Amino acid sequence: MATGGEMGAVGGAEDTPLDTVQGLQHEIELLKSKISQEREKLRDKSLPQVAELANVMSIEHLNIKIRRSLKGHNAKVLCLDWSADKRHLVSSSQDGKIIVWDAFTTNKEHALSLPTTWVMACAYAPGGQAVACGGLDNRVTVFPLTETEEAPISSSRKKVVGTHTSYTSCCLFPGSDNQILTGSGDATVALWDIESGAVLQTFHGHSSDVMAIDLAPGPNLNLFASGACDNTAYLWDMRTGNYVQYFEGHSSDINSVKFHPSGDAIATGSDDATCRLFDLRADREVAVYSKEAILFGVNAVDFSVSGRLLFAGYNDYTVNLWDTLKCERITVLYGHENRVTSLKVSPDGTAIGTSSWDATIRIWA
């Protein structure tokens with residue numbers, strides 16, 4: 001028969017794991033608060049203050065107008081992406097179609113049907129020879145755009161590369177036509193090999209639906225950022241599958257994430273009606289772009305080629321232009337008749353493409 005001392009020891013052993021977990025959680029919170037205190041000590045000036053000290057000139061009125069309207073979808077347009085040739089773009093819609101457009105002439109070059117109606121994501125391959133899409137079918141599908149005599153361009157030539165356990169919310173080609181990176185409602189990001197359909201890497205870290213991904217510019221193509229419904233943005237290394245940094249600050253879902261052209265910062269757009277700029281070197285938030293009058297969520301953000309302007313598409317049908325240094329709103333672009341779902345600056349920076357629930361795509365310049 002066990003003695004009282006032995007019974008106590010057994011009981012103590014049972015309590016330990018829970019105590020340890022709670023103790024560790026408490027320790028994590030303490031370390032987090034210490035880190036944020038240290039960060040605050042180093043934060044001597046805000047970005048607008050630095051801009052003022054450097055006598056940065058204000059940006060005067062910009063004459064940006066709608067130059068083209070692309071009409072052809074029969075339902076909400078959910079995503080668009082520019083081709084590297086700066087002329088073509090691909091769009092995906094709730095009508096179950098992806099359309100490849102010539103943005104100069106507004107002609108439709110290809111229209112491809114999908115088995116699912118809600119196509120949430122689309123991307124143009126860097127070589128311009130393929131487009132990819134994904135949506136509520138949980139899949140990522142690639143369509144070749146090269147025509148041969150035996151195989152004309154059609155929906156039947158599609159290749160299902162891979163399947164997530166929840167919807168595919170975003171996709172991009174990471175500098176290669178042979179791989180594709182996808183974000184999903186299953187809280188993961190996955191890197192796929194297009195030819196074999198194999199998962200090359202899975203990225204776990206978010207605790208809720210991943211809504212946006214963006215590849216770092218320039219030489220370091222192994223780095224990408226993701227934004228999710230857990231209100232955080234993560235920075236990942238494609239080679240290891242681990243996150244390098246993460247940024248908190250938003251109070252609601254992050255719908256869009258975009259690298260600054262320098263590669264040293266990321267901008268995020270959120271349902272909390274703000275855009276934020278996080279600096280990778282300072283490892284913290286350095287700017288918030290918001291106004292009391294703005295109540296609607298941000299669905300899409302992108303930078304001008306210089307990085308001085310931040311374009312943001314909102315649920316109140318507008319596109320706002322922000323001065324990234326002064327944190328001031330420069331102007332508001334009106335033209336869509338429903339919420340703006342996607343916004344991309346063309347590769348040469350001369351035009352902006354926006355898509356909307358009003359079933360149109362607008363080209364601004």
# chains A, B, ... in the order shown; residues from 1 in each chain; ligands from 1
call {"tool": "select_by_dssp", "arguments": {"residues": "stretch 118-206 of chain A", "states": "strand (DSSP E)", "output": "number ranges by chain"}}
result
A: 119-124, 130-135, 139-144, 159-163, 168-172, 179-184, 188-193, 199-204
call {"tool": "residues_around", "arguments": {"residues": "A:Trp364", "least_positions_apart": "4", "cutoff": "12 Å", "atoms": "only C-alpha atoms", "output": "list in words"}}
result
Leu62, Asn63, Ile64, Lys65, Ile66, Arg67, Arg68, Ser69, Leu70, Ala103, Phe104, Phe311, Val319, Leu333, Tyr334, Gly335, His336, Leu343, Lys344, Val345, Ser346, Gly349, Thr350, Ala351, Ile352, Gly353, Thr354 and Ser355 of chain A
call {"tool": "residues_around", "arguments": {"residues": "stretch 48-55 of chain A", "least_positions_apart": "2", "cutoff": "6 Å", "atoms": "only C-alpha atoms", "output": "ChimeraX atom specification"}}
result
/A:46,325-326
call {"tool": "atom_distance", "arguments": {"atom1": "atom CA of A:His88", "atom2": "atom CA of A:Val100"}}
result
6.9 Å
call {"tool": "closest_residue", "arguments": {"among": "A:Ser262, A:Cys327, A:Phe278, A:Asn107", "to": "A:Ser304", "atoms": "only C-alpha atoms"}}
result
A:Ser262
call {"tool": "closest_residue", "arguments": {"among": "A:Gly313, A:Gly135, A:Gly249, A:Gly23", "to": "A:Cys170", "atoms": "only C-alpha atoms"}}
result
A:Gly135
call {"tool": "atom_distance", "arguments": {"atom1": "atom CA of A:Leu309", "atom2": "atom CA of A:Cys171"}}
result
24.5 Å
call {"tool": "residues_around", "arguments": {"residues": "A:Asn299", "least_positions_apart": "6", "cutoff": "8 Å", "atoms": "only C-alpha atoms", "output": "ChimeraX atom specification"}}
result
/A:255-256,269-271,312-315,340-342
call {"tool": "write_last_selection", "arguments": {"atoms": "N, CA, C and O atoms", "output": "PDB file, in the first residue's frame"}}
result
ATOM      1  N   ASN A 255      -5.619  41.761 -44.481  1.00  0.00           N
ATOM      2  CA  ASN A 255      -6.093  41.308 -45.794  1.00  0.00           C
ATOM      3  C   ASN A 255      -5.040  41.411 -46.885  1.00  0.00           C
ATOM      4  O   ASN A 255      -5.177  40.794 -47.945  1.00  0.00           O
ATOM      5  N   SER A 256      -4.007  42.228 -46.636  1.00  0.00           N
ATOM      6  CA  SER A 256      -3.019  42.473 -47.679  1.00  0.00           C
ATOM      7  C   SER A 256      -1.659  42.745 -47.058  1.00  0.00           C
ATOM      8  O   SER A 256      -1.570  43.370 -46.001  1.00  0.00           O
ATOM      9  N   GLY A 269      -2.485  45.949 -44.856  1.00  0.00           N
ATOM     10  CA  GLY A 269      -3.810  46.565 -44.864  1.00  0.00           C
ATOM     11  C   GLY A 269      -4.762  45.651 -44.118  1.00  0.00           C
ATOM     12  O   GLY A 269      -4.708  44.429 -44.294  1.00  0.00           O
ATOM     13  N   SER A 270      -5.619  46.239 -43.282  1.00  0.00           N
ATOM     14  CA  SER A 270      -6.421  45.411 -42.378  1.00  0.00           C
ATOM     15  C   SER A 270      -7.878  45.843 -42.292  1.00  0.00           C
ATOM     16  O   SER A 270      -8.233  46.973 -42.651  1.00  0.00           O
ATOM     17  N   ASP A 271      -8.702  44.937 -41.761  1.00  0.00           N
ATOM     18  CA  ASP A 271     -10.113  45.239 -41.495  1.00  0.00           C
ATOM     19  C   ASP A 271     -10.287  46.290 -40.404  1.00  0.00           C
ATOM     20  O   ASP A 271     -11.398  46.775 -40.191  1.00  0.00           O
ATOM     21  N   ALA A 312      -3.970  52.241 -51.336  1.00  0.00           N
ATOM     22  CA  ALA A 312      -4.764  51.302 -50.545  1.00  0.00           C
ATOM     23  C   ALA A 312      -6.196  51.274 -51.037  1.00  0.00           C
ATOM     24  O   ALA A 312      -6.816  52.327 -51.241  1.00  0.00           O
ATOM     25  N   GLY A 313      -6.722  50.065 -51.267  1.00  0.00           N
ATOM     26  CA  GLY A 313      -8.109  49.894 -51.728  1.00  0.00           C
ATOM     27  C   GLY A 313      -9.005  49.536 -50.546  1.00  0.00           C
ATOM     28  O   GLY A 313      -8.675  48.635 -49.772  1.00  0.00           O
ATOM     29  N   TYR A 314     -10.122  50.228 -50.424  1.00  0.00           N
ATOM     30  CA  TYR A 314     -10.989  50.108 -49.247  1.00  0.00           C
ATOM     31  C   TYR A 314     -12.365  49.520 -49.574  1.00  0.00           C
ATOM     32  O   TYR A 314     -12.781  49.487 -50.735  1.00  0.00           O
ATOM     33  N   ASN A 315     -13.061  49.142 -48.501  1.00  0.00           N
ATOM     34  CA  ASN A 315     -14.425  48.616 -48.631  1.00  0.00           C
ATOM     35  C   ASN A 315     -15.452  49.713 -48.943  1.00  0.00           C
ATOM     36  O   ASN A 315     -16.602  49.406 -49.230  1.00  0.00           O
ATOM     37  N   VAL A 340     -13.382  47.655 -53.274  1.00  0.00           N
ATOM     38  CA  VAL A 340     -12.166  47.355 -54.030  1.00  0.00           C
ATOM     39  C   VAL A 340     -11.543  46.096 -53.420  1.00  0.00           C
ATOM     40  O   VAL A 340     -11.285  46.044 -52.219  1.00  0.00           O
ATOM     41  N   THR A 341     -11.324  45.076 -54.260  1.00  0.00           N
ATOM     42  CA  THR A 341     -10.852  43.788 -53.733  1.00  0.00           C
ATOM     43  C   THR A 341      -9.356  43.582 -53.912  1.00  0.00           C
ATOM     44  O   THR A 341      -8.719  42.898 -53.121  1.00  0.00           O
ATOM     45  N   SER A 342      -8.802  44.155 -54.977  1.00  0.00           N
ATOM     46  CA  SER A 342      -7.389  43.919 -55.269  1.00  0.00           C
ATOM     47  C   SER A 342      -6.816  45.161 -55.924  1.00  0.00           C
ATOM     48  O   SER A 342      -7.531  45.898 -56.611  1.00  0.00           O
TER      49      SER A 342
END
call {"tool": "residues_around", "arguments": {"residues": "A:Asp81", "least_positions_apart": "4", "cutoff": "8 Å", "atoms": "only C-alpha atoms", "output": "ChimeraX atom specification"}}
result
/A:89-91,122-124,344
call {"tool": "atom_distance", "arguments": {"atom1": "atom CA of A:Leu145", "atom2": "atom CA of A:Ala130"}}
result
5.0 Å
call {"tool": "closest_atom_pairs", "arguments": {"of": "stretch 120-170 of chain A", "to": "stretch 184-201 of chain A", "cutoff": "8 Å", "atoms": "only C-alpha atoms", "output": "tab-separated table"}}
result
residue	atom	partner	partner_atom	distance
A:Asn138	CA	A:Ser184	CA	7.9
A:Val142	CA	A:Ile194	CA	7.9
A:Val160	CA	A:Gly197	CA	7.8
A:Val161	CA	A:Gly197	CA	4.6
A:Gly162	CA	A:Gly197	CA	5.7
A:His164	CA	A:Ser184	CA	6.8
A:Thr165	CA	A:Asp186	CA	5.9
A:Ser166	CA	A:Asp186	CA	5.0
A:Tyr167	CA	A:Gly185	CA	5.2
A:Thr168	CA	A:Ser184	CA	4.4
A:Ser169	CA	A:Ser184	CA	5.2
A:Cys170	CA	A:Ser184	CA	7.0
call {"tool": "write_last_selection", "arguments": {"atoms": "C-alpha atoms", "output": "mmCIF file, in the first residue's frame"}}
result
data_model
loop_
_atom_site.group_PDB
_atom_site.id
_atom_site.type_symbol
_atom_site.label_atom_id
_atom_site.label_comp_id
_atom_site.auth_asym_id
_atom_site.auth_seq_id
_atom_site.Cartn_x
_atom_site.Cartn_y
_atom_site.Cartn_z
ATOM 1 C CA ASN A 138 -9.072 24.292 -51.973
ATOM 2 C CA VAL A 142 -2.132 26.240 -63.380
ATOM 3 C CA VAL A 160 -4.175 20.813 -60.582
ATOM 4 C CA VAL A 161 -0.899 21.257 -58.713
ATOM 5 C CA GLY A 162 -2.036 20.694 -55.137
ATOM 6 C CA HIS A 164 -5.083 22.514 -49.218
ATOM 7 C CA THR A 165 -7.409 21.392 -46.423
ATOM 8 C CA SER A 166 -9.270 24.717 -46.719
ATOM 9 C CA TYR A 167 -9.783 27.414 -49.376
ATOM 10 C CA THR A 168 -6.833 28.853 -51.339
ATOM 11 C CA SER A 169 -6.818 32.598 -50.608
ATOM 12 C CA CYS A 170 -3.676 33.783 -52.430
#
call {"tool": "decode", "arguments": {"residues": "stretch 119-131 of chain A", "atoms": "N, CA, C and O atoms", "output": "JSON list (two decimals), in the first residue's frame"}}
result
[["chain", "number", "residue", "atom", "x", "y", "z"],
["A", 119, "VAL", "N", -13.42, 32.06, -57.36],
["A", 119, "VAL", "CA", -11.98, 32.00, -57.62],
["A", 119, "VAL", "C", -11.33, 33.18, -56.90],
["A", 119, "VAL", "O", -11.46, 34.32, -57.33],
["A", 120, "MET", "N", -10.68, 32.90, -55.77],
["A", 120, "MET", "CA", -10.21, 33.98, -54.89],
["A", 120, "MET", "C", -8.85, 34.52, -55.27],
["A", 120, "MET", "O", -8.52, 35.67, -54.95],
["A", 121, "ALA", "N", -8.02, 33.69, -55.90],
["A", 121, "ALA", "CA", -6.63, 34.10, -56.14],
["A", 121, "ALA", "C", -6.24, 33.84, -57.58],
["A", 121, "ALA", "O", -6.72, 32.89, -58.19],
["A", 122, "CYS", "N", -5.37, 34.70, -58.12],
["A", 122, "CYS", "CA", -4.79, 34.43, -59.43],
["A", 122, "CYS", "C", -3.41, 35.05, -59.50],
["A", 122, "CYS", "O", -3.12, 36.00, -58.77],
["A", 123, "ALA", "N", -2.56, 34.50, -60.36],
["A", 123, "ALA", "CA", -1.20, 35.00, -60.49],
["A", 123, "ALA", "C", -0.69, 34.73, -61.90],
["A", 123, "ALA", "O", -1.05, 33.73, -62.51],
["A", 124, "TYR", "N", 0.16, 35.63, -62.37],
["A", 124, "TYR", "CA", 0.79, 35.50, -63.69],
["A", 124, "TYR", "C", 2.20, 34.98, -63.49],
["A", 124, "TYR", "O", 2.93, 35.47, -62.64],
["A", 125, "ALA", "N", 2.59, 33.97, -64.26],
["A", 125, "ALA", "CA", 3.95, 33.42, -64.15],
["A", 125, "ALA", "C", 4.96, 34.45, -64.65],
["A", 125, "ALA", "O", 4.66, 35.21, -65.57],
["A", 126, "PRO", "N", 6.17, 34.49, -64.05],
["A", 126, "PRO", "CA", 7.18, 35.49, -64.45],
["A", 126, "PRO", "C", 7.52, 35.45, -65.94],
["A", 126, "PRO", "O", 7.73, 36.48, -66.57],
["A", 127, "GLY", "N", 7.50, 34.24, -66.53],
["A", 127, "GLY", "CA", 7.81, 34.12, -67.95],
["A", 127, "GLY", "C", 6.65, 34.47, -68.86],
["A", 127, "GLY", "O", 6.81, 34.51, -70.08],
["A", 128, "GLY", "N", 5.47, 34.69, -68.27],
["A", 128, "GLY", "CA", 4.29, 35.04, -69.06],
["A", 128, "GLY", "C", 3.67, 33.88, -69.80],
["A", 128, "GLY", "O", 2.78, 34.06, -70.63],
["A", 129, "GLN", "N", 4.13, 32.65, -69.50],
["A", 129, "GLN", "CA", 3.66, 31.47, -70.24],
["A", 129, "GLN", "C", 2.53, 30.72, -69.52],
["A", 129, "GLN", "O", 2.03, 29.73, -70.04],
["A", 130, "ALA", "N", 2.15, 31.17, -68.32],
["A", 130, "ALA", "CA", 1.11, 30.46, -67.56],
["A", 130, "ALA", "C", 0.46, 31.39, -66.56],
["A", 130, "ALA", "O", 1.03, 32.42, -66.17],
["A", 131, "VAL", "N", -0.77, 31.02, -66.16],
["A", 131, "VAL", "CA", -1.44, 31.71, -65.06],
["A", 131, "VAL", "C", -1.90, 30.65, -64.06],
["A", 131, "VAL", "O", -2.15, 29.50, -64.42]]
